[in-house]
>>> print(open('final.cif').read())   # mmCIF, C-alpha atoms
data_start
#
loop_
_atom_site.label_atom_id
_atom_site.label_comp_id
_atom_site.auth_asym_id
_atom_site.auth_seq_id
_atom_site.Cartn_x
_atom_site.Cartn_y
_atom_site.Cartn_z
CA MET Z 1 283.54 -25.31 393.91
CA VAL Z 2 281.99 -28.63 392.92
CA ILE Z 3 282.57 -30.21 389.53
CA TRP Z 4 279.79 -32.78 389.26
CA VAL Z 5 280.43 -35.45 386.61
CA THR Z 6 277.45 -37.62 385.70
CA GLY Z 7 276.59 -40.25 383.13
CA LEU Z 8 275.55 -43.88 382.88
CA SER Z 9 277.59 -46.65 384.49
CA GLY Z 10 280.54 -47.20 382.18
CA ALA Z 11 280.45 -43.71 380.62
CA GLY Z 12 283.89 -42.84 382.03
CA LYS Z 13 283.01 -40.62 385.01
CA THR Z 14 285.61 -42.02 387.39
CA GLU Z 15 288.31 -42.04 384.70
CA LEU Z 16 287.60 -38.41 383.85
CA CYS Z 17 287.70 -37.38 387.52
CA ARG Z 18 290.98 -39.27 388.02
CA ALA Z 19 292.46 -37.53 384.98
CA LEU Z 20 291.29 -34.14 386.31
CA TYR Z 21 292.72 -34.97 389.72
CA ASP Z 22 296.10 -35.99 388.25
CA LEU Z 23 296.20 -32.85 386.10
CA LEU Z 24 295.15 -30.36 388.76
CA LYS Z 25 296.29 -31.71 392.13
CA PRO Z 26 299.93 -30.57 391.74
CA LYS Z 27 298.63 -27.01 391.15
CA LEU Z 28 295.56 -27.09 393.41
CA ALA Z 29 296.30 -28.50 396.86
CA GLU Z 30 292.67 -28.01 397.93
CA LEU Z 31 291.40 -30.46 395.28
CA VAL Z 32 289.56 -33.57 396.49
CA MET Z 33 287.73 -36.33 394.65
CA ILE Z 34 284.64 -38.18 395.78
CA ASP Z 35 283.34 -41.12 393.82
CA GLY Z 36 279.82 -42.51 394.13
CA ASP Z 37 281.06 -46.10 394.28
CA VAL Z 38 283.58 -45.29 397.01
CA ILE Z 39 281.00 -43.37 399.07
CA ARG Z 40 278.55 -46.25 398.65
CA ALA Z 41 281.14 -48.77 399.85
CA ALA Z 42 282.00 -46.62 402.87
CA PHE Z 43 278.62 -45.28 403.98
CA ALA Z 44 275.70 -46.91 402.19
CA HIS Z 45 275.51 -50.38 403.70
CA ASP Z 46 271.90 -49.57 404.58
CA LEU Z 47 270.98 -48.90 400.94
CA GLY Z 48 270.18 -51.07 397.97
CA TYR Z 49 269.98 -50.00 394.34
CA LYS Z 50 266.29 -49.20 393.94
CA GLU Z 51 265.48 -45.70 392.77
CA ASN Z 52 264.65 -44.38 396.26
CA ASP Z 53 267.92 -45.79 397.63
CA ARG Z 54 269.82 -44.17 394.77
CA MET Z 55 268.19 -40.82 395.61
CA THR Z 56 269.25 -41.18 399.25
CA HIS Z 57 272.78 -42.14 398.21
CA VAL Z 58 273.13 -39.11 395.94
CA ARG Z 59 271.76 -36.82 398.66
CA ARG Z 60 274.57 -38.03 400.90
CA ILE Z 61 277.11 -37.28 398.18
CA GLN Z 62 275.56 -33.84 397.66
CA ASN Z 63 275.88 -33.00 401.33
CA ILE Z 64 279.49 -34.19 401.47
CA ALA Z 65 280.35 -32.21 398.33
CA ARG Z 66 278.66 -29.06 399.61
CA MET Z 67 280.29 -29.37 403.04
CA LEU Z 68 283.75 -29.71 401.49
CA SER Z 69 283.13 -26.90 399.02
CA ASP Z 70 281.92 -24.62 401.82
CA GLN Z 71 285.30 -25.18 403.48
CA GLY Z 72 287.13 -23.91 400.42
CA LEU Z 73 287.92 -27.22 398.77
CA VAL Z 74 287.45 -27.92 395.07
CA VAL Z 75 285.46 -31.12 394.77
CA LEU Z 76 285.41 -33.53 391.85
CA ALA Z 77 282.26 -35.65 392.23
CA SER Z 78 281.71 -38.72 390.08
CA VAL Z 79 278.02 -39.64 390.40
CA LEU Z 80 275.84 -42.03 388.41
CA TYR Z 81 272.28 -41.06 389.16
CA SER Z 82 271.06 -37.73 387.77
CA HIS Z 83 267.43 -37.31 388.72
CA PRO Z 84 266.31 -33.75 387.78
CA GLU Z 85 265.35 -33.00 391.40
CA LEU Z 86 268.91 -33.81 392.53
CA LEU Z 87 270.61 -31.69 389.89
CA THR Z 88 268.26 -28.77 390.60
CA TRP Z 89 269.20 -29.05 394.28
CA ASN Z 90 272.89 -28.86 393.35
CA ARG Z 91 272.41 -25.64 391.40
CA SER Z 92 270.46 -23.98 394.19
CA HIS Z 93 272.57 -25.17 397.15
CA ILE Z 94 276.17 -25.32 395.91
CA ARG Z 95 277.75 -21.91 395.40
CA GLU Z 96 280.20 -22.71 392.61
CA TYR Z 97 278.74 -25.62 390.69
CA PHE Z 98 279.79 -26.97 387.30
CA GLU Z 99 278.00 -29.95 385.80
CA VAL Z 100 279.62 -32.26 383.26
CA TYR Z 101 277.46 -34.81 381.46
CA LEU Z 102 279.21 -37.75 379.81
CA ASP Z 103 276.67 -38.63 377.15
CA ALA Z 104 277.21 -42.31 376.44
CA SER Z 105 275.08 -44.61 374.34
CA LEU Z 106 273.80 -47.84 375.83
CA GLU Z 107 275.87 -49.64 373.18
CA LEU Z 108 279.07 -48.04 374.49
CA VAL Z 109 278.41 -48.72 378.17
CA ARG Z 110 277.18 -52.25 377.45
CA GLY Z 111 280.43 -52.84 375.58
CA ARG Z 112 282.52 -51.60 378.50
CA ASP Z 113 280.38 -53.18 381.27
CA ALA Z 114 283.26 -53.58 383.73
CA LYS Z 115 280.83 -54.29 386.58
CA LYS Z 116 278.82 -56.75 384.45
CA LEU Z 117 275.64 -54.81 385.29
CA TYR Z 118 274.22 -54.71 381.80
CA ALA Z 119 275.03 -58.35 381.03
CA GLY Z 120 273.47 -59.37 384.35
CA ALA Z 121 270.36 -57.30 383.60
CA ASP Z 122 270.09 -58.90 380.15
CA ARG Z 123 270.18 -62.35 381.75
CA GLY Z 124 267.63 -61.33 384.40
CA GLU Z 125 270.19 -61.79 387.20
CA VAL Z 126 270.57 -58.11 388.09
CA SER Z 127 267.81 -55.57 388.58
CA ASP Z 128 267.67 -51.87 389.37
CA VAL Z 129 270.16 -50.89 386.67
CA VAL Z 130 270.01 -47.23 385.66
CA GLY Z 131 269.28 -46.97 381.96
CA VAL Z 132 267.74 -50.46 381.85
CA ASP Z 133 264.97 -50.81 384.42
CA ILE Z 134 265.51 -47.55 386.30
CA PRO Z 135 265.03 -44.52 384.07
CA TRP Z 136 268.09 -42.53 383.09
CA HIS Z 137 267.34 -38.83 383.27
CA VAL Z 138 269.45 -36.88 380.82
CA PRO Z 139 270.60 -33.73 382.62
CA ALA Z 140 268.48 -30.78 381.49
CA ALA Z 141 271.12 -28.06 381.55
CA PRO Z 142 274.67 -29.35 382.06
CA ASP Z 143 277.46 -26.81 381.77
CA LEU Z 144 279.42 -29.15 379.54
CA VAL Z 145 278.28 -32.16 377.49
CA ILE Z 146 280.90 -34.63 376.34
CA ASP Z 147 280.05 -37.23 373.72
CA ALA Z 148 281.52 -40.29 375.43
CA ASP Z 149 281.10 -42.38 372.27
CA ALA Z 150 283.49 -40.10 370.38
CA ALA Z 151 285.54 -38.85 373.30
CA PRO Z 152 289.32 -38.76 373.31
CA PRO Z 153 291.28 -40.34 376.19
CA PRO Z 154 290.52 -39.12 379.74
CA ALA Z 155 293.63 -36.89 379.91
CA ALA Z 156 292.45 -34.95 376.83
CA LEU Z 157 288.93 -34.74 378.28
CA ALA Z 158 290.38 -33.34 381.49
CA LEU Z 159 291.94 -30.49 379.52
CA GLN Z 160 288.55 -29.87 377.86
CA VAL Z 161 286.85 -29.61 381.27
CA VAL Z 162 289.56 -27.31 382.63
CA ALA Z 163 289.24 -25.05 379.58
CA ALA Z 164 285.47 -24.77 380.18
CA ILE Z 165 285.83 -23.54 383.77
CA PRO Z 166 287.38 -20.04 383.84
CA ARG Z 167 288.82 -20.40 387.36
CA LEU Z 168 290.58 -23.65 386.48
CA ALA Z 169 291.61 -22.50 383.01
CA GLN Z 170 293.36 -19.48 384.55
CA LEU Z 171 295.05 -21.62 387.20
CA TYR Z 172 296.24 -24.13 384.63
CA LYS Z 173 297.46 -21.40 382.27
CA GLN Z 174 299.47 -19.79 385.07
CA ALA Z 175 300.99 -23.11 386.09
CA VAL Z 176 301.97 -24.04 382.55
CA HIS Z 177 303.33 -20.63 381.56
CA GLY Z 178 304.84 -19.82 384.91
#
>>> encode(input="final.cif", output="structure tokens")
Amino acid sequence: MVIWVTGLSGAGKTELCRALYDLLKPKLAELVMIDGDVIRAAFAHDLGYKENDRMTHVRRIQNIARMLSDQGLVVLASVLYSHPELLTWNRSHIREYFEVYLDASLELVRGRDAKKLYAGADRGEVSDVVGVDIPWHVPAAPDLVIDADAAPPPAALALQVVAAIPRLAQLYKQAVHG
């Protein structure tokens, strides 16, 4: 199974995946987390941030996620770029796939801006920022949409995601109620 979490930079993807990991790992030994930034740091030294490079980067993440899922692992994937072609590929090539879209306004992510991407883009110092000069493609058919602007803390969001996935909801219910 792959739980694919997408949204703009600063929407809270990594925080949600960490909260899911912390909640589920004690009950689900086969749970792993892959984060787009971590994969980029480890394997994408040959890529920049232009749209074609982002597509290549996500394809690498897709293949890693599918490979791990095919081995029986449950994969939490935190991924920025959501081109329709990539998400369609996920649905047709990953057996158990659940897509979570963190719908965040540009105002919210600009306010968070931990990586200073948006501020740098505003000053003309940074280019190839998704949602600014690279189009952000809103996922067409996510399994769960979370309004990041009104969202509760990541731990509460993790419970919302678990409740939306029958396999995980059952596992969590059994663990809590013994």
>>> resolve_selection(input="final.cif", expression="the PyMOL selection byres ((chain Z and resi 66) around 9)", output="list of chain:residue names")
Z:Met1, Z:Val2, Z:Ile61, Z:Gln62, Z:Asn63, Z:Ile64, Z:Ala65, Z:Met67, Z:Leu68, Z:Ser69, Z:Asp70, Z:Gln71, Z:Val75, Z:Asn90, Z:His93, Z:Ile94, Z:Arg95
>>> closest_residue(input="final.cif", among="Z:Leu16, Z:Leu159, Z:Val74, Z:Ala11", to="Z:Tyr172", atoms="only C-alpha atoms")
Z:Leu159
>>> atom_distance(input="final.cif", atom1="atom CA of Z:Asp46", atom2="atom CA of Z:Ala77")
21.3 Å
>>> atom_distance(input="final.cif", atom1="atom CA of Z:Ala155", atom2="atom CA of Z:Leu24")
11.1 Å
>>> closest_residue(input="final.cif", among="Z:Leu168, Z:Leu87, Z:Val161, Z:Ile3", to="Z:Leu28", atoms="all atoms listed in the file")
Z:Leu168
>>> resolve_selection(input="final.cif", expression="the PyMOL selection byres ((chain Z and resi 144) around 7)", output="PDB file with C-alpha atoms, in the coordinates of the input")
ATOM      1  CA  GLU Z  99     278.000 -29.950 385.800  1.00  0.00           C
ATOM      2  CA  VAL Z 100     279.620 -32.260 383.260  1.00  0.00           C
ATOM      3  CA  TYR Z 101     277.460 -34.810 381.460  1.00  0.00           C
ATOM      4  CA  PRO Z 142     274.670 -29.350 382.060  1.00  0.00           C
ATOM      5  CA  ASP Z 143     277.460 -26.810 381.770  1.00  0.00           C
ATOM      6  CA  VAL Z 145     278.280 -32.160 377.490  1.00  0.00           C
ATOM      7  CA  ILE Z 146     280.900 -34.630 376.340  1.00  0.00           C
TER       8      ILE Z 146
END
>>> closest_residue(input="final.cif", among="Z:Thr14, Z:Gln170, Z:Asn52, Z:Ser92", to="Z:Asp128", atoms="all atoms listed in the file")
Z:Asn52
>>> atom_distance(input="final.cif", atom1="atom CA of Z:Asp37", atom2="atom CA of Z:Val79")
8.1 Å
>>> resolve_selection(input="final.cif", expression="the PyMOL selection byres ((chain Z and resi 32) around 8)", output="list of chain:residue names")
Z:Tyr21, Z:Glu30, Z:Leu31, Z:Met33, Z:Ile34, Z:Leu73, Z:Val74, Z:Val75, Z:Leu76
>>> closest_residue(input="final.cif", among="Z:Ala114, Z:Leu8, Z:Ala150, Z:Ala163", to="Z:Val138", atoms="only C-alpha atoms")
Z:Leu8
>>> axis_aligned_box(input="final.cif", around="stretch 15-25 of chain Z", padding_each_side="4 Å", output="lines of an AutoDock Vina configuration file")
center_x = 291.9
center_y = -36.2
center_z = 388.0
size_x = 16.7
size_y = 19.7
size_z = 16.3
>>> decode(input="final.cif", residues="stretch 9-25 of chain Z", atoms="all heavy atoms", output="PDB file, in the first residue's frame")
ATOM      1  N   SER Z   9       4.640  23.276  -1.407  1.00  0.00           N
ATOM      2  CA  SER Z   9       5.696  23.384  -0.405  1.00  0.00           C
ATOM      3  C   SER Z   9       5.177  24.221   0.761  1.00  0.00           C
ATOM      4  O   SER Z   9       4.668  25.327   0.566  1.00  0.00           O
ATOM      5  CB  SER Z   9       6.927  24.051  -1.026  1.00  0.00           C
ATOM      6  OG  SER Z   9       7.965  24.130  -0.081  1.00  0.00           O
ATOM      7  N   GLY Z  10       5.258  23.665   1.959  1.00  0.00           N
ATOM      8  CA  GLY Z  10       4.756  24.361   3.139  1.00  0.00           C
ATOM      9  C   GLY Z  10       3.350  23.974   3.534  1.00  0.00           C
ATOM     10  O   GLY Z  10       2.821  24.474   4.529  1.00  0.00           O
ATOM     11  N   ALA Z  11       2.713  23.065   2.788  1.00  0.00           N
ATOM     12  CA  ALA Z  11       1.334  22.661   3.101  1.00  0.00           C
ATOM     13  C   ALA Z  11       1.254  21.764   4.331  1.00  0.00           C
ATOM     14  O   ALA Z  11       0.202  21.657   4.950  1.00  0.00           O
ATOM     15  CB  ALA Z  11       0.704  21.952   1.899  1.00  0.00           C
ATOM     16  N   GLY Z  12       2.353  21.101   4.688  1.00  0.00           N
ATOM     17  CA  GLY Z  12       2.357  20.220   5.855  1.00  0.00           C
ATOM     18  C   GLY Z  12       2.474  18.746   5.518  1.00  0.00           C
ATOM     19  O   GLY Z  12       2.156  17.888   6.342  1.00  0.00           O
ATOM     20  N   LYS Z  13       2.948  18.421   4.322  1.00  0.00           N
ATOM     21  CA  LYS Z  13       3.046  17.019   3.882  1.00  0.00           C
ATOM     22  C   LYS Z  13       3.959  16.201   4.786  1.00  0.00           C
ATOM     23  O   LYS Z  13       3.576  15.132   5.260  1.00  0.00           O
ATOM     24  CB  LYS Z  13       3.580  16.948   2.441  1.00  0.00           C
ATOM     25  CG  LYS Z  13       2.727  17.637   1.412  1.00  0.00           C
ATOM     26  CD  LYS Z  13       3.366  17.629   0.042  1.00  0.00           C
ATOM     27  CE  LYS Z  13       4.703  18.317  -0.047  1.00  0.00           C
ATOM     28  NZ  LYS Z  13       4.689  19.767   0.241  1.00  0.00           N
ATOM     29  N   THR Z  14       5.153  16.693   5.013  1.00  0.00           N
ATOM     30  CA  THR Z  14       6.119  15.956   5.832  1.00  0.00           C
ATOM     31  C   THR Z  14       5.612  15.814   7.256  1.00  0.00           C
ATOM     32  O   THR Z  14       5.720  14.735   7.852  1.00  0.00           O
ATOM     33  CB  THR Z  14       7.492  16.652   5.790  1.00  0.00           C
ATOM     34  OG1 THR Z  14       7.961  16.656   4.433  1.00  0.00           O
ATOM     35  CG2 THR Z  14       8.503  15.937   6.668  1.00  0.00           C
ATOM     36  N   GLU Z  15       5.040  16.877   7.801  1.00  0.00           N
ATOM     37  CA  GLU Z  15       4.524  16.820   9.175  1.00  0.00           C
ATOM     38  C   GLU Z  15       3.403  15.797   9.298  1.00  0.00           C
ATOM     39  O   GLU Z  15       3.329  15.054  10.271  1.00  0.00           O
ATOM     40  CB  GLU Z  15       4.046  18.208   9.625  1.00  0.00           C
ATOM     41  CG  GLU Z  15       5.154  19.217   9.800  1.00  0.00           C
ATOM     42  CD  GLU Z  15       5.671  19.808   8.498  1.00  0.00           C
ATOM     43  OE1 GLU Z  15       5.027  19.635   7.428  1.00  0.00           O
ATOM     44  OE2 GLU Z  15       6.742  20.439   8.532  1.00  0.00           O
ATOM     45  N   LEU Z  16       2.518  15.753   8.300  1.00  0.00           N
ATOM     46  CA  LEU Z  16       1.442  14.763   8.323  1.00  0.00           C
ATOM     47  C   LEU Z  16       2.015  13.351   8.242  1.00  0.00           C
ATOM     48  O   LEU Z  16       1.603  12.466   8.997  1.00  0.00           O
ATOM     49  CB  LEU Z  16       0.455  15.005   7.179  1.00  0.00           C
ATOM     50  CG  LEU Z  16      -0.633  13.944   6.998  1.00  0.00           C
ATOM     51  CD1 LEU Z  16      -1.434  13.718   8.277  1.00  0.00           C
ATOM     52  CD2 LEU Z  16      -1.543  14.312   5.842  1.00  0.00           C
ATOM     53  N   CYS Z  17       2.964  13.127   7.352  1.00  0.00           N
ATOM     54  CA  CYS Z  17       3.560  11.789   7.229  1.00  0.00           C
ATOM     55  C   CYS Z  17       4.291  11.390   8.508  1.00  0.00           C
ATOM     56  O   CYS Z  17       4.210  10.230   8.932  1.00  0.00           O
ATOM     57  CB  CYS Z  17       4.490  11.716   6.015  1.00  0.00           C
ATOM     58  SG  CYS Z  17       3.588  11.597   4.453  1.00  0.00           S
ATOM     59  N   ARG Z  18       4.972  12.328   9.140  1.00  0.00           N
ATOM     60  CA  ARG Z  18       5.644  12.018  10.418  1.00  0.00           C
ATOM     61  C   ARG Z  18       4.621  11.648  11.486  1.00  0.00           C
ATOM     62  O   ARG Z  18       4.839  10.725  12.272  1.00  0.00           O
ATOM     63  CB  ARG Z  18       6.485  13.202  10.886  1.00  0.00           C
ATOM     64  CG  ARG Z  18       7.799  13.324  10.173  1.00  0.00           C
ATOM     65  CD  ARG Z  18       8.689  14.380  10.834  1.00  0.00           C
ATOM     66  NE  ARG Z  18       9.840  14.616   9.988  1.00  0.00           N
ATOM     67  CZ  ARG Z  18      10.283  15.817   9.641  1.00  0.00           C
ATOM     68  NH1 ARG Z  18       9.674  16.903  10.075  1.00  0.00           N
ATOM     69  NH2 ARG Z  18      11.340  15.946   8.879  1.00  0.00           N
ATOM     70  N   ALA Z  19       3.521  12.384  11.527  1.00  0.00           N
ATOM     71  CA  ALA Z  19       2.469  12.088  12.506  1.00  0.00           C
ATOM     72  C   ALA Z  19       1.854  10.715  12.232  1.00  0.00           C
ATOM     73  O   ALA Z  19       1.593   9.941  13.164  1.00  0.00           O
ATOM     74  CB  ALA Z  19       1.403  13.176  12.495  1.00  0.00           C
ATOM     75  N   LEU Z  20       1.626  10.392  10.971  1.00  0.00           N
ATOM     76  CA  LEU Z  20       1.119   9.062  10.610  1.00  0.00           C
ATOM     77  C   LEU Z  20       2.122   7.982  11.008  1.00  0.00           C
ATOM     78  O   LEU Z  20       1.740   6.940  11.553  1.00  0.00           O
ATOM     79  CB  LEU Z  20       0.846   8.975   9.107  1.00  0.00           C
ATOM     80  CG  LEU Z  20      -0.441   9.600   8.612  1.00  0.00           C
ATOM     81  CD1 LEU Z  20      -0.395   9.826   7.117  1.00  0.00           C
ATOM     82  CD2 LEU Z  20      -1.633   8.725   9.005  1.00  0.00           C
ATOM     83  N   TYR Z  21       3.382   8.236  10.730  1.00  0.00           N
ATOM     84  CA  TYR Z  21       4.426   7.275  11.075  1.00  0.00           C
ATOM     85  C   TYR Z  21       4.455   7.042  12.592  1.00  0.00           C
ATOM     86  O   TYR Z  21       4.470   5.896  13.051  1.00  0.00           O
ATOM     87  CB  TYR Z  21       5.780   7.798  10.576  1.00  0.00           C
ATOM     88  CG  TYR Z  21       6.896   6.803  10.734  1.00  0.00           C
ATOM     89  CD1 TYR Z  21       7.188   5.881   9.741  1.00  0.00           C
ATOM     90  CD2 TYR Z  21       7.666   6.784  11.891  1.00  0.00           C
ATOM     91  CE1 TYR Z  21       8.209   4.964   9.890  1.00  0.00           C
ATOM     92  CE2 TYR Z  21       8.691   5.871  12.053  1.00  0.00           C
ATOM     93  CZ  TYR Z  21       8.966   4.960  11.052  1.00  0.00           C
ATOM     94  OH  TYR Z  21       9.976   4.048  11.216  1.00  0.00           O
ATOM     95  N   ASP Z  22       4.461   8.122  13.369  1.00  0.00           N
ATOM     96  CA  ASP Z  22       4.493   7.996  14.825  1.00  0.00           C
ATOM     97  C   ASP Z  22       3.268   7.253  15.358  1.00  0.00           C
ATOM     98  O   ASP Z  22       3.373   6.463  16.299  1.00  0.00           O
ATOM     99  CB  ASP Z  22       4.574   9.379  15.483  1.00  0.00           C
ATOM    100  CG  ASP Z  22       5.912  10.066  15.236  1.00  0.00           C
ATOM    101  OD1 ASP Z  22       6.886   9.397  14.807  1.00  0.00           O
ATOM    102  OD2 ASP Z  22       5.982  11.296  15.455  1.00  0.00           O
ATOM    103  N   LEU Z  23       2.114   7.490  14.752  1.00  0.00           N
ATOM    104  CA  LEU Z  23       0.874   6.855  15.183  1.00  0.00           C
ATOM    105  C   LEU Z  23       0.855   5.367  14.836  1.00  0.00           C
ATOM    106  O   LEU Z  23       0.442   4.531  15.646  1.00  0.00           O
ATOM    107  CB  LEU Z  23      -0.317   7.558  14.519  1.00  0.00           C
ATOM    108  CG  LEU Z  23      -1.706   7.000  14.798  1.00  0.00           C
ATOM    109  CD1 LEU Z  23      -2.091   7.221  16.259  1.00  0.00           C
ATOM    110  CD2 LEU Z  23      -2.729   7.649  13.878  1.00  0.00           C
ATOM    111  N   LEU Z  24       1.299   5.037  13.628  1.00  0.00           N
ATOM    112  CA  LEU Z  24       1.122   3.679  13.113  1.00  0.00           C
ATOM    113  C   LEU Z  24       2.312   2.742  13.302  1.00  0.00           C
ATOM    114  O   LEU Z  24       2.128   1.528  13.368  1.00  0.00           O
ATOM    115  CB  LEU Z  24       0.778   3.738  11.627  1.00  0.00           C
ATOM    116  CG  LEU Z  24      -0.558   4.387  11.282  1.00  0.00           C
ATOM    117  CD1 LEU Z  24      -0.685   4.565   9.782  1.00  0.00           C
ATOM    118  CD2 LEU Z  24      -1.709   3.562  11.842  1.00  0.00           C
ATOM    119  N   LYS Z  25       3.506   3.265  13.359  1.00  0.00           N
ATOM    120  CA  LYS Z  25       4.695   2.393  13.375  1.00  0.00           C
ATOM    121  C   LYS Z  25       4.682   1.388  14.526  1.00  0.00           C
ATOM    122  O   LYS Z  25       5.024   0.211  14.317  1.00  0.00           O
ATOM    123  CB  LYS Z  25       5.983   3.232  13.398  1.00  0.00           C
ATOM    124  CG  LYS Z  25       7.244   2.402  13.277  1.00  0.00           C
ATOM    125  CD  LYS Z  25       7.328   1.687  11.941  1.00  0.00           C
ATOM    126  CE  LYS Z  25       8.664   0.956  11.784  1.00  0.00           C
ATOM    127  NZ  LYS Z  25       8.789   0.288  10.502  1.00  0.00           N
TER     128      LYS Z  25
END
